[in-house]
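Engineer: You'll find coords_30.txt just under this line, and it carries compact mmCIF, C-alpha atoms and all ligand atoms.
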```txt
# COMPACT_ATOMS: atom_id res chain seq x y z
CA MET A 1 180.05 99.21 185.06
CA THR A 2 181.48 96.53 182.77
CA GLU A 3 185.25 96.00 182.43
CA LYS A 4 185.03 97.30 178.85
CA SER A 5 183.42 100.59 179.87
CA LYS A 6 186.09 101.13 182.58
CA ARG A 7 188.77 100.92 179.90
CA VAL A 8 190.53 104.02 178.65
CA GLU A 9 190.40 104.35 174.86
CA ARG A 10 193.33 105.96 173.04
CA LEU A 11 193.18 107.65 169.62
CA ARG A 12 195.84 109.55 167.70
CA VAL A 13 195.37 112.76 165.74
CA GLU A 14 197.88 112.15 162.96
CA LEU A 15 199.55 115.50 162.35
CA GLY A 16 203.20 114.46 162.08
CA ASP A 17 205.36 116.02 164.78
CA ARG A 18 202.33 117.99 165.99
CA GLY A 19 200.25 114.81 166.34
CA TYR A 20 198.78 113.94 169.74
CA ASP A 21 196.74 111.39 171.63
CA ILE A 22 193.15 111.66 172.79
CA LEU A 23 192.40 109.52 175.84
CA ILE A 24 188.75 108.81 176.63
CA GLY A 25 187.50 107.07 179.75
CA PRO A 26 186.90 107.30 183.49
CA GLY A 27 189.46 108.40 186.10
CA LEU A 28 191.68 110.38 183.74
CA ILE A 29 191.94 113.52 185.90
CA ALA A 30 193.29 111.42 188.74
CA ARG A 31 196.12 110.25 186.48
CA ALA A 32 196.56 113.48 184.52
CA GLY A 33 199.96 114.19 186.11
CA LEU A 34 201.20 110.78 185.05
CA GLU A 35 199.98 111.24 181.45
CA ILE A 36 201.21 114.83 181.09
CA LEU A 37 204.64 114.50 182.75
CA PRO A 38 206.35 112.74 179.78
CA LEU A 39 205.30 115.67 177.55
CA MET A 40 206.66 118.36 179.86
CA ARG A 41 209.85 120.28 179.18
CA ARG A 42 209.85 121.63 182.74
CA ARG A 43 207.83 120.61 185.77
CA GLN A 44 205.64 123.72 185.75
CA ALA A 45 201.96 123.84 184.82
CA VAL A 46 199.45 126.67 184.83
CA ILE A 47 195.90 125.34 185.10
CA ILE A 48 193.19 127.50 183.55
CA THR A 49 189.64 126.64 184.53
CA ASP A 50 186.31 128.28 185.38
CA ALA A 51 184.69 128.72 188.77
CA THR A 52 182.08 125.98 188.29
CA VAL A 53 184.54 123.41 187.00
CA ALA A 54 187.06 124.33 189.71
CA HIS A 55 184.44 123.57 192.34
CA HIS A 56 183.82 120.08 190.95
CA HIS A 57 187.08 118.91 189.42
CA LEU A 58 190.14 120.96 190.35
CA ALA A 59 191.07 119.12 193.56
CA PRO A 60 191.88 115.74 191.94
CA LEU A 61 193.88 117.48 189.20
CA ARG A 62 195.96 119.31 191.81
CA ALA A 63 196.51 116.02 193.66
CA SER A 64 197.62 114.22 190.50
CA PHE A 65 200.18 116.96 189.76
CA ASP A 66 201.41 116.92 193.37
CA ALA A 67 201.86 113.15 193.14
CA GLN A 68 204.22 113.63 190.16
CA GLY A 69 206.09 116.60 191.62
CA ILE A 70 204.67 118.97 188.99
CA GLY A 71 204.56 122.56 190.25
CA HIS A 72 201.24 124.20 189.45
CA GLN A 73 199.47 127.53 189.65
CA GLU A 74 195.81 128.12 188.91
CA ILE A 75 193.76 130.78 187.19
CA VAL A 76 190.01 130.57 187.70
CA LEU A 77 187.84 132.42 185.17
CA PRO A 78 184.14 133.25 185.47
CA ALA A 79 181.98 130.51 183.89
CA GLY A 80 180.13 131.22 180.64
CA GLU A 81 180.48 132.41 177.05
CA ALA A 82 180.94 136.06 178.14
CA THR A 83 184.41 135.08 179.39
CA LYS A 84 185.58 134.45 175.82
CA ASP A 85 186.18 138.14 175.11
CA LEU A 86 189.16 140.47 174.69
CA ALA A 87 188.91 141.93 178.20
CA HIS A 88 189.10 138.50 179.87
CA PHE A 89 191.78 137.39 177.42
CA GLY A 90 193.91 140.43 178.28
CA ARG A 91 193.64 139.74 182.01
CA LEU A 92 194.26 136.03 181.46
CA VAL A 93 197.55 136.48 179.60
CA ASP A 94 198.74 139.03 182.19
CA ASP A 95 197.91 136.56 184.96
CA VAL A 96 199.69 133.69 183.18
CA LEU A 97 202.78 135.88 182.64
CA ALA A 98 202.68 136.82 186.32
CA CYS A 99 203.10 133.10 187.09
CA GLY A 100 206.67 133.41 185.79
CA ILE A 101 206.24 131.10 182.81
CA GLU A 102 208.94 130.03 180.39
CA ARG A 103 208.61 128.43 176.94
CA GLY A 104 208.70 125.00 178.61
CA THR A 105 205.71 125.71 180.88
CA MET A 106 202.57 123.65 180.17
CA LEU A 107 199.16 125.35 180.11
CA VAL A 108 196.34 123.03 181.12
CA ALA A 109 192.78 123.88 180.08
CA LEU A 110 190.33 122.23 182.49
CA GLY A 111 186.74 122.93 181.45
CA GLY A 112 184.28 123.21 178.59
CA GLY A 113 184.70 124.81 175.19
CA VAL A 114 184.93 128.31 176.63
CA VAL A 115 187.96 127.50 178.79
CA GLY A 116 189.50 125.34 176.04
CA ASP A 117 189.13 128.06 173.38
CA ILE A 118 190.47 130.98 175.46
CA ALA A 119 193.25 128.99 177.14
CA GLY A 120 194.23 127.48 173.77
CA PHE A 121 194.47 130.95 172.23
CA ALA A 122 196.56 132.11 175.19
CA ALA A 123 198.88 129.12 174.66
CA ALA A 124 199.12 129.94 170.94
CA THR A 125 200.22 133.51 171.61
CA LEU A 126 202.10 133.60 174.95
CA LEU A 127 205.86 133.78 174.34
CA ARG A 128 204.88 133.07 170.67
CA GLY A 129 203.51 129.66 171.62
CA ILE A 130 203.76 127.35 174.61
CA ASP A 131 202.50 123.79 174.99
CA PHE A 132 199.00 123.08 176.25
CA VAL A 133 196.82 120.16 177.22
CA GLN A 134 193.05 119.97 176.96
CA ILE A 135 191.06 118.35 179.78
CA PRO A 136 187.51 118.80 178.47
CA THR A 137 184.72 118.51 181.05
CA THR A 138 181.58 119.05 178.94
CA LEU A 139 180.20 116.57 176.45
CA LEU A 140 180.51 119.24 173.76
CA ALA A 141 184.17 119.79 174.54
CA GLN A 142 184.90 116.04 174.72
CA VAL A 143 183.41 115.34 171.27
CA ASP A 144 184.38 118.53 169.48
CA SER A 145 186.09 121.64 170.81
CA SER A 146 189.06 120.03 172.60
CA VAL A 147 190.15 118.22 169.42
CA GLY A 148 191.51 119.82 166.27
CA GLY A 149 193.30 122.93 167.45
CA LYS A 150 190.78 125.67 166.76
CA THR A 151 191.29 128.29 169.47
CA ALA A 152 189.52 131.63 169.59
CA ILE A 153 187.75 134.42 171.42
CA ASN A 154 184.76 136.52 170.40
CA THR A 155 184.98 140.19 169.36
CA ALA A 156 182.36 142.91 169.04
CA ALA A 157 182.01 141.95 165.37
CA GLY A 158 181.16 138.31 166.06
CA LYS A 159 181.95 134.89 167.43
CA ASN A 160 185.40 133.27 167.32
CA LEU A 161 186.77 136.01 165.06
CA LEU A 162 190.12 136.30 166.84
CA GLY A 163 192.01 133.04 167.12
CA ALA A 164 194.58 130.60 165.82
CA PHE A 165 194.94 127.02 164.71
CA TYR A 166 197.09 125.65 167.50
CA GLN A 167 197.07 121.98 168.47
CA PRO A 168 197.21 120.72 172.06
CA ARG A 169 199.85 118.16 173.08
CA LEU A 170 197.24 115.83 174.61
CA VAL A 171 193.49 115.58 175.21
CA LEU A 172 192.24 113.84 178.36
CA ALA A 173 188.47 113.31 178.13
CA ASP A 174 187.58 112.07 181.60
CA THR A 175 184.05 110.69 181.24
CA ASP A 176 183.53 110.83 185.03
CA THR A 177 183.39 114.64 184.83
CA LEU A 178 180.14 114.44 182.87
CA SER A 179 178.24 113.26 185.96
CA THR A 180 178.27 116.83 187.38
CA LEU A 181 177.24 118.48 184.11
CA PRO A 182 173.70 119.98 184.08
CA THR A 183 171.29 118.00 181.86
CA ARG A 184 170.72 120.97 179.55
CA GLU A 185 174.48 121.28 178.89
CA LEU A 186 174.74 117.53 178.34
CA ARG A 187 171.97 117.59 175.75
CA ALA A 188 173.52 120.61 174.04
CA GLY A 189 176.72 118.56 173.65
CA TYR A 190 174.69 115.66 172.27
CA ALA A 191 173.78 117.87 169.27
CA GLU A 192 177.45 117.82 168.17
CA ILE A 193 177.44 114.01 168.36
CA VAL A 194 174.37 113.84 166.10
CA LYS A 195 176.24 116.17 163.70
CA TYR A 196 178.88 113.47 163.03
CA GLY A 197 176.22 110.96 162.01
CA LEU A 198 174.51 113.48 159.77
CA ILE A 199 177.61 114.62 157.86
CA ARG A 200 179.33 111.30 157.23
CA ASP A 201 178.03 108.21 158.98
CA THR A 202 174.47 106.95 158.43
CA ALA A 203 175.08 103.84 160.56
CA PHE A 204 176.19 106.03 163.49
CA PHE A 205 173.02 108.13 163.19
CA GLU A 206 170.95 104.91 163.17
CA TRP A 207 172.84 103.71 166.26
CA LEU A 208 172.09 107.06 167.94
CA GLU A 209 168.39 106.65 167.12
CA ALA A 210 168.51 103.40 169.10
CA GLU A 211 171.00 104.37 171.84
CA GLY A 212 170.82 108.18 172.07
CA GLU A 213 168.86 108.04 175.28
CA ALA A 214 171.48 105.77 176.85
CA VAL A 215 174.17 108.24 175.73
CA CYS A 216 172.29 111.16 177.34
CA ASP A 217 171.74 109.06 180.47
CA LEU A 218 175.53 108.59 180.53
CA GLU A 219 175.36 104.80 180.45
CA PRO A 220 179.12 104.18 180.37
CA ALA A 221 179.36 101.87 177.34
CA ALA A 222 177.02 103.99 175.19
CA ALA A 223 178.53 107.34 176.23
CA THR A 224 182.09 106.12 175.63
CA ARG A 225 181.19 104.71 172.22
CA ALA A 226 179.52 107.97 171.21
CA ILE A 227 182.52 110.08 172.33
CA LEU A 228 185.01 107.69 170.74
CA THR A 229 183.18 107.56 167.40
CA SER A 230 182.87 111.36 167.34
CA CYS A 231 186.54 111.92 168.19
CA ARG A 232 187.64 109.29 165.66
CA MET A 233 185.76 111.08 162.89
CA LYS A 234 186.99 114.49 163.98
CA ALA A 235 190.59 113.26 164.23
CA ALA A 236 190.43 111.83 160.69
CA ILE A 237 188.93 115.00 159.23
CA VAL A 238 191.45 117.26 161.01
CA ALA A 239 194.38 115.06 159.95
CA ALA A 240 193.27 115.39 156.33
CA ASP A 241 192.45 119.11 156.42
CA GLU A 242 193.85 120.84 159.50
CA ARG A 243 193.24 124.42 158.33
CA GLU A 244 189.76 123.97 156.87
CA GLU A 245 190.57 124.32 153.22
CA GLY A 246 188.24 121.45 152.27
CA ASP A 247 186.34 118.76 154.15
CA ARG A 248 186.89 120.20 157.64
CA ALA A 249 184.16 122.71 156.76
CA LEU A 250 181.68 119.80 157.03
CA LEU A 251 182.20 119.97 160.81
CA ASN A 252 180.43 123.31 160.64
CA PHE A 253 177.14 121.65 159.68
CA GLY A 254 174.41 123.64 161.43
CA HIS A 255 176.91 126.27 162.57
CA THR A 256 176.33 129.07 160.03
CA PHE A 257 172.63 129.07 160.90
CA GLY A 258 173.49 128.39 164.55
CA HIS A 259 175.99 131.23 164.95
CA ALA A 260 173.45 133.65 163.42
CA LEU A 261 170.88 132.50 165.99
CA GLU A 262 173.43 132.84 168.81
CA ALA A 263 174.25 136.38 167.67
CA GLU A 264 170.54 137.21 167.41
CA THR A 265 169.87 135.89 170.94
CA GLY A 266 172.94 137.59 172.44
CA PHE A 267 175.27 134.58 173.04
CA GLY A 268 173.58 133.84 176.34
CA ASP A 269 171.29 131.43 178.08
CA THR A 270 168.43 131.72 175.57
CA LEU A 271 170.31 129.38 173.28
CA LEU A 272 173.40 127.43 174.33
CA HIS A 273 175.97 126.80 171.58
CA GLY A 274 174.96 123.13 171.16
CA GLU A 275 171.28 124.06 171.11
CA ALA A 276 172.02 126.63 168.40
CA VAL A 277 173.81 123.88 166.43
CA ALA A 278 170.77 121.55 166.81
CA LEU A 279 168.42 124.25 165.59
CA GLY A 280 170.92 125.20 162.88
CA MET A 281 171.06 121.60 161.63
CA ALA A 282 167.24 121.44 161.54
CA LEU A 283 167.17 124.72 159.55
CA ALA A 284 169.91 123.50 157.18
CA LEU A 285 167.82 120.39 156.51
CA ASP A 286 164.66 122.44 155.94
CA PHE A 287 166.55 124.81 153.65
CA ALA A 288 167.95 121.84 151.70
CA VAL A 289 164.39 120.53 151.33
CA CYS A 290 163.29 123.97 150.00
CA LEU A 291 166.10 123.82 147.43
CA GLY A 292 165.07 120.29 146.40
CA ILE A 293 168.38 118.83 147.65
CA ALA A 294 167.14 116.76 150.63
CA THR A 295 163.86 114.99 151.31
CA GLY A 296 161.18 116.05 153.78
CA GLN A 297 161.31 112.51 155.24
CA ASP A 298 164.98 112.89 156.21
CA ALA A 299 164.34 116.36 157.66
CA SER A 300 161.41 115.08 159.77
CA ARG A 301 163.39 112.04 160.92
CA VAL A 302 166.33 114.15 162.12
CA LYS A 303 164.10 116.71 163.80
CA ARG A 304 162.22 113.92 165.60
CA HIS A 305 165.52 112.62 166.95
CA LEU A 306 166.78 116.05 168.06
CA ALA A 307 163.44 116.88 169.70
CA ALA A 308 163.46 113.53 171.54
CA ALA A 309 166.84 114.59 172.97
CA GLY A 310 165.25 117.80 174.26
CA LEU A 311 166.84 120.01 171.59
CA PRO A 312 165.17 122.87 169.68
CA THR A 313 164.23 122.26 166.03
CA GLY A 314 162.13 125.30 165.06
CA LEU A 315 162.53 129.08 165.20
CA SER A 316 159.43 129.28 167.43
CA ALA A 317 161.72 127.99 170.24
CA ILE A 318 163.44 131.39 170.42
CA GLY A 319 160.63 133.84 169.56
CA LEU A 320 162.21 136.17 166.97
CA SER A 321 160.87 139.69 166.63
CA GLY A 322 160.62 142.37 163.89
CA ASN A 323 162.55 141.90 160.68
CA ALA A 324 164.42 138.82 161.88
CA ALA A 325 165.02 137.44 158.36
CA ASP A 326 167.20 140.42 157.37
CA ARG A 327 169.10 140.37 160.63
CA LEU A 328 169.77 136.62 160.44
CA VAL A 329 171.06 136.85 156.86
CA GLY A 330 173.21 139.80 158.03
CA HIS A 331 174.73 137.66 160.79
CA MET A 332 175.36 134.82 158.31
CA GLY A 333 177.23 137.26 156.08
CA LYS A 334 179.82 137.75 158.85
CA ASP A 335 180.66 134.04 159.03
CA LYS A 336 184.34 133.05 158.70
CA LYS A 337 183.45 130.84 155.72
CA VAL A 338 182.18 133.78 153.61
CA ARG A 339 184.16 133.87 150.32
CA ASP A 340 184.02 136.85 147.97
CA GLY A 341 180.99 138.07 149.89
CA ARG A 342 179.13 134.79 149.36
CA ILE A 343 177.68 132.77 152.23
CA THR A 344 178.95 129.19 152.50
CA LEU A 345 176.55 126.59 153.88
CA ILE A 346 176.98 122.94 154.78
CA LEU A 347 173.89 121.20 153.45
CA PRO A 348 172.76 117.58 153.64
CA ARG A 349 171.91 115.54 150.57
CA ARG A 350 170.68 112.78 152.86
CA ILE A 351 171.42 111.51 156.37
CA GLY A 352 175.15 110.68 156.44
CA ASP A 353 176.05 112.75 153.36
CA ALA A 354 176.64 116.50 153.60
CA PHE A 355 178.43 118.84 151.20
CA VAL A 356 179.78 122.38 151.11
CA MET A 357 177.67 124.88 149.12
CA ARG A 358 179.85 127.91 148.37
CA ASP A 359 177.34 130.44 147.05
CA ALA A 360 174.10 130.26 149.00
CA SER A 361 171.59 132.81 147.74
CA THR A 362 170.89 135.53 150.32
CA GLU A 363 167.51 136.13 148.65
CA GLN A 364 166.48 132.48 149.07
CA LEU A 365 167.72 132.55 152.68
CA ARG A 366 165.70 135.71 153.41
CA GLU A 367 162.55 134.09 151.94
CA PHE A 368 163.25 130.90 153.89
CA PHE A 369 163.60 132.73 157.22
CA GLY A 370 160.54 134.84 156.43
CA ALA A 371 158.48 131.68 156.00
CA ALA A 372 160.05 129.81 158.94
CA ALA A 373 159.91 132.58 161.58
P1 LIG A 401 181.16 126.08 178.47
O1 LIG A 401 182.60 125.91 178.44
O2 LIG A 401 180.60 127.43 178.72
O3 LIG A 401 180.53 125.07 179.53
C1 LIG A 401 179.15 125.09 179.77
C2 LIG A 401 178.83 125.29 181.24
O4 LIG A 401 179.07 124.06 181.93
C3 LIG A 401 179.68 126.34 181.94
O5 LIG A 401 178.87 127.03 182.86
C4 LIG A 401 180.72 125.51 182.71
O6 LIG A 401 181.17 126.14 183.87
C5 LIG A 401 179.92 124.27 183.04
N1 LIG A 401 180.69 123.04 183.20
C6 LIG A 401 181.71 122.60 182.42
N2 LIG A 401 182.06 121.37 182.78
C7 LIG A 401 181.27 121.02 183.81
C8 LIG A 401 181.16 119.87 184.62
N3 LIG A 401 181.87 118.77 184.36
N4 LIG A 401 180.25 119.86 185.62
C9 LIG A 401 179.47 120.96 185.84
N5 LIG A 401 179.51 122.07 185.11
C10 LIG A 401 180.41 122.10 184.10
O7 LIG A 401 180.46 125.60 177.09
P2 LIG A 401 180.67 124.37 176.12
O8 LIG A 401 179.32 124.01 175.65
O9 LIG A 401 181.54 123.33 176.67
O10 LIG A 401 181.48 125.02 174.91
C11 LIG A 401 180.92 126.04 174.12
C12 LIG A 401 182.04 126.84 173.51
O11 LIG A 401 182.86 125.99 172.72
C13 LIG A 401 181.58 127.95 172.61
O12 LIG A 401 182.29 129.13 172.90
C14 LIG A 401 181.95 127.47 171.22
O13 LIG A 401 182.24 128.51 170.33
C15 LIG A 401 183.15 126.63 171.50
N6 LIG A 401 183.42 125.58 170.51
C16 LIG A 401 184.68 125.50 170.01
C17 LIG A 401 184.98 124.51 169.10
C18 LIG A 401 186.39 124.36 168.61
O14 LIG A 401 186.63 123.57 167.69
N7 LIG A 401 187.34 125.06 169.19
C19 LIG A 401 184.01 123.60 168.70
C20 LIG A 401 182.73 123.70 169.23
C21 LIG A 401 182.45 124.71 170.15
N1 LIG A 402 184.07 122.55 165.36
C1 LIG A 402 184.47 122.69 164.01
C2 LIG A 402 185.91 122.37 163.78
O1 LIG A 402 186.64 122.04 164.67
O2 LIG A 402 186.34 122.43 162.66
```
Give the structure from the file, written as structure tokens.

Structural biologist:
Amino acid sequence: MTEKSKRVERLRVELGDRGYDILIGPGLIARAGLEILPLMRRRQAVIITDATVAHHHLAPLRASFDAQGIGHQEIVLPAGEATKDLAHFGRLVDDVLACGIERGTMLVALGGGVVGDIAGFAAATLLRGIDFVQIPTTLLAQVDSSVGGKTAINTAAGKNLLGAFYQPRLVLADTDTLSTLPTRELRAGYAEIVKYGLIRDTAFFEWLEAEGEAVCDLEPAAATRAILTSCRMKAAIVAADEREEGDRALLNFGHTFGHALEAETGFGDTLLHGEAVALGMALALDFAVCLGIATGQDASRVKRHLAAAGLPTGLSAIGLSGNAADRLVGHMGKDKKVRDGRITLILPRRIGDAFVMRDASTEQLREFFGAAA
């Protein structure tokens, strides 16, 4: 490991008095107590994690809190997307309250996007809002979900439909944690990195074409650069449009298609969230080609890159049955970006340049799915 790749990078999300730092680098869990202590109003933390992450990464976090004299209690949730529901949320907030929290207590989310989203929503609502810190342990959470303050759980009607914009006080992206992450999860997170290149940064996409394999192999310099570039772009977009009234919607590139595919496949192991985003980005490109907005060359180039990273790029990957086109359009109609009943899509004009289309035609989408399935 070179000296440079051992360095911790620091970025700021500029949101005035709700602004916060993102630290990216190795060894951050071991010094979490030191980093969090100056932000604490009382030396009490409640750590929320999942069983898998607890097994790998809870011990050093406990030790770092002990070293700073920070009292801590732990709540360990079951791993997986199914945890992000109302039943688990209800038990979670009861368990946090049973820890005897006050407004000055710090919640600490140690885990992937599932833990970050449910713990963040708990922080947003407990005692009408208590401080929280994100310690993301998946690549997806380090480049996306831990930054920007979207917190949510799923309901029977769909994904992330109950939530709040609520910013953390700090994000500690410890790159060492990625060494225990299963390859499939790592590659799913890589899809969100590719997203940043596709929406706004052609040079970053070109760099990923050259170095993507090194990123997925977790070569320290390449992985850190990919996480840093992603977080820098996300921080800038969030600072300019925290509540998604404009450009923040670009971060949903691939997600309207992707969420429909996740709903269709039951939010489970068939399609991980990042895999759904990869397939959703490929479909958004193909749809843009059908509409004459993007070129077939760009679509093929992106799909080649995603496929080389082991990500799905065609509907054949999930084997849809029956009248899938109608069902998929139905799922897309429940998206949070729907306005006046119209589906909003993020579509690419070319690699590095995406835009928000506010009134996608459901008829064209139905025909597109019919031909693609
Ligand atoms: P996840 O949290 O379910 O983690 C994936 C799996 O990896 C889990 O089984 C987990 O236990 C395990 N894991 C986590 N860290 C590990 C580690 N270091 N070593 C070994 N195993 C580890 O899933 P995810 O992909 O991180 O996040 C997906 C969720 O994030 C979805 O619910 C999605 O909606 C949400 N999300 C939110 C935002 C946002 O802005 N809030 C953005 C993108 C995605
Ligand atoms: N992941 C999309 C957003 O944070 O806006």

Engineer: Using only C-alpha atoms and all ligand atoms, what are the residues with an atom within 9 Å of ligand LIG 402 (chain A), set out as a list of chain:residue names?

Structural biologist: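 Within the 9 Å cut-off, the matching residues are A:Asp144, A:Ser145, A:Ser146, A:Val147, A:Gly148, A:Gly149, A:Lys150, A:Glu192, A:Lys234, A:Ile237, A:Val238, A:Glu242, A:Arg243, A:Glu244, A:Arg248, A:Ala249, A:Leu250, A:Leu251, A:Asn252, A:Phe253, A:His255.
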
Engineer: Counting all atoms listed in the file, what are the residues, protein, DNA or RNA alike, that approach ligand LIG 401 (chain A) to within 6 Å? I want them as JSON, numbers by chain.

Structural biologist: {"A": [50, 52, 53, 79, 80, 81, 111, 112, 113, 114, 115, 117, 137, 138, 140, 141, 144, 145, 150, 151, 177, 178, 180, 181, 273]}

Engineer: I'd like to know which of A:Gly310, A:Gly254, A:Gly189, A:Gly352 is closest to Gly274 (chain A), using all atoms listed in the file.

Structural biologist: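 For Gly274 (chain A), the nearest of the given residues is A:Gly189.
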
Engineer: Interatomic distance between CA of Val93 (chain A) and CA of Leu126 (chain A)?

Structural biologist: 7.1 Å

Engineer: Rank nothing, just name the residue among A:Gln134, A:Ala288, A:Thr265, A:Arg342 nearest to Gly319 (chain A), using only C-alpha atoms.

Structural biologist: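 Closest to Gly319 (chain A), using only C-alpha atoms: A:Thr265.
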
Engineer: At a cut-off of 8 Å, using all atoms listed in the file, what residues contact Ile293 (chain A)? Leave out same-chain residues fewer than 3 positions from it and give the result as a list in words.

Structural biologist: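 Close residues of Ile293 (chain A): Ala288, Val289, Cys290, Pro348 and Arg349 of chain A.
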
Engineer: Could those selected residues go to a file with C-alpha atoms, as a JSON list (two decimals), in the frame of the given file?

Structural biologist:
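The resulting file, result19.json, is shown below:
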```
[["chain", "number", "residue", "atom", "x", "y", "z"],
["A", 288, "ALA", "CA", 167.95, 121.84, 151.70],
["A", 289, "VAL", "CA", 164.39, 120.53, 151.33],
["A", 290, "CYS", "CA", 163.29, 123.97, 150.00],
["A", 348, "PRO", "CA", 172.76, 117.58, 153.64],
["A", 349, "ARG", "CA", 171.91, 115.54, 150.57]]
```

Engineer: N, CA, C and O atoms are needed for region 288-303 of chain A; please write them out as an mmCIF file, in the frame of the given file.

Structural biologist:
```cif
data_model
loop_
_atom_site.group_PDB
_atom_site.id
_atom_site.type_symbol
_atom_site.label_atom_id
_atom_site.label_comp_id
_atom_site.auth_asym_id
_atom_site.auth_seq_id
_atom_site.Cartn_x
_atom_site.Cartn_y
_atom_site.Cartn_z
ATOM 1 N N ALA A 288 167.589 122.791 152.769
ATOM 2 C CA ALA A 288 167.950 121.840 151.700
ATOM 3 C C ALA A 288 166.693 121.239 151.074
ATOM 4 O O ALA A 288 166.655 120.988 149.860
ATOM 5 N N VAL A 289 165.660 121.040 151.883
ATOM 6 C CA VAL A 289 164.390 120.530 151.330
ATOM 7 C C VAL A 289 163.798 121.589 150.395
ATOM 8 O O VAL A 289 163.374 121.278 149.272
ATOM 9 N N CYS A 290 163.807 122.866 150.847
ATOM 10 C CA CYS A 290 163.290 123.970 150.000
ATOM 11 C C CYS A 290 164.002 124.022 148.657
ATOM 12 O O CYS A 290 163.406 124.321 147.636
ATOM 13 N N LEU A 291 165.316 123.749 148.681
ATOM 14 C CA LEU A 291 166.100 123.820 147.430
ATOM 15 C C LEU A 291 165.965 122.530 146.601
ATOM 16 O O LEU A 291 166.567 122.419 145.528
ATOM 17 N N GLY A 292 165.239 121.559 147.126
ATOM 18 C CA GLY A 292 165.070 120.290 146.400
ATOM 19 C C GLY A 292 166.293 119.385 146.502
ATOM 20 O O GLY A 292 166.462 118.463 145.707
ATOM 21 N N ILE A 293 167.145 119.627 147.503
ATOM 22 C CA ILE A 293 168.380 118.830 147.650
ATOM 23 C C ILE A 293 168.141 117.641 148.572
ATOM 24 O O ILE A 293 168.624 116.537 148.324
ATOM 25 N N ALA A 294 167.413 117.849 149.657
ATOM 26 C CA ALA A 294 167.140 116.760 150.630
ATOM 27 C C ALA A 294 165.639 116.476 150.650
ATOM 28 O O ALA A 294 164.838 117.255 150.121
ATOM 29 N N THR A 295 165.281 115.357 151.270
ATOM 30 C CA THR A 295 163.860 114.990 151.310
ATOM 31 C C THR A 295 163.229 115.423 152.629
ATOM 32 O O THR A 295 163.902 115.474 153.670
ATOM 33 N N GLY A 296 161.931 115.703 152.571
ATOM 34 C CA GLY A 296 161.180 116.050 153.780
ATOM 35 C C GLY A 296 161.224 114.912 154.796
ATOM 36 O O GLY A 296 161.225 115.163 156.007
ATOM 37 N N GLN A 297 161.271 113.651 154.303
ATOM 38 C CA GLN A 297 161.310 112.510 155.240
ATOM 39 C C GLN A 297 162.571 112.557 156.099
ATOM 40 O O GLN A 297 162.517 112.338 157.311
ATOM 41 N N ASP A 298 163.722 112.817 155.442
ATOM 42 C CA ASP A 298 164.980 112.890 156.210
ATOM 43 C C ASP A 298 164.918 114.035 157.217
ATOM 44 O O ASP A 298 165.340 113.897 158.369
ATOM 45 N N ALA A 299 164.403 115.191 156.756
ATOM 46 C CA ALA A 299 164.340 116.360 157.660
ATOM 47 C C ALA A 299 163.469 116.023 158.869
ATOM 48 O O ALA A 299 163.852 116.291 160.021
ATOM 49 N N SER A 300 162.314 115.405 158.643
ATOM 50 C CA SER A 300 161.410 115.080 159.770
ATOM 51 C C SER A 300 162.072 114.064 160.711
ATOM 52 O O SER A 300 161.970 114.158 161.927
ATOM 53 N N ARG A 301 162.753 113.093 160.099
ATOM 54 C CA ARG A 301 163.390 112.040 160.920
ATOM 55 C C ARG A 301 164.450 112.651 161.844
ATOM 56 O O ARG A 301 164.517 112.324 163.038
ATOM 57 N N VAL A 302 165.278 113.528 161.308
ATOM 58 C CA VAL A 302 166.330 114.150 162.120
ATOM 59 C C VAL A 302 165.713 115.033 163.195
ATOM 60 O O VAL A 302 166.118 115.004 164.366
ATOM 61 N N LYS A 303 164.707 115.800 162.819
ATOM 62 C CA LYS A 303 164.100 116.710 163.800
ATOM 63 C C LYS A 303 163.423 115.921 164.926
ATOM 64 O O LYS A 303 163.487 116.318 166.081
#
```
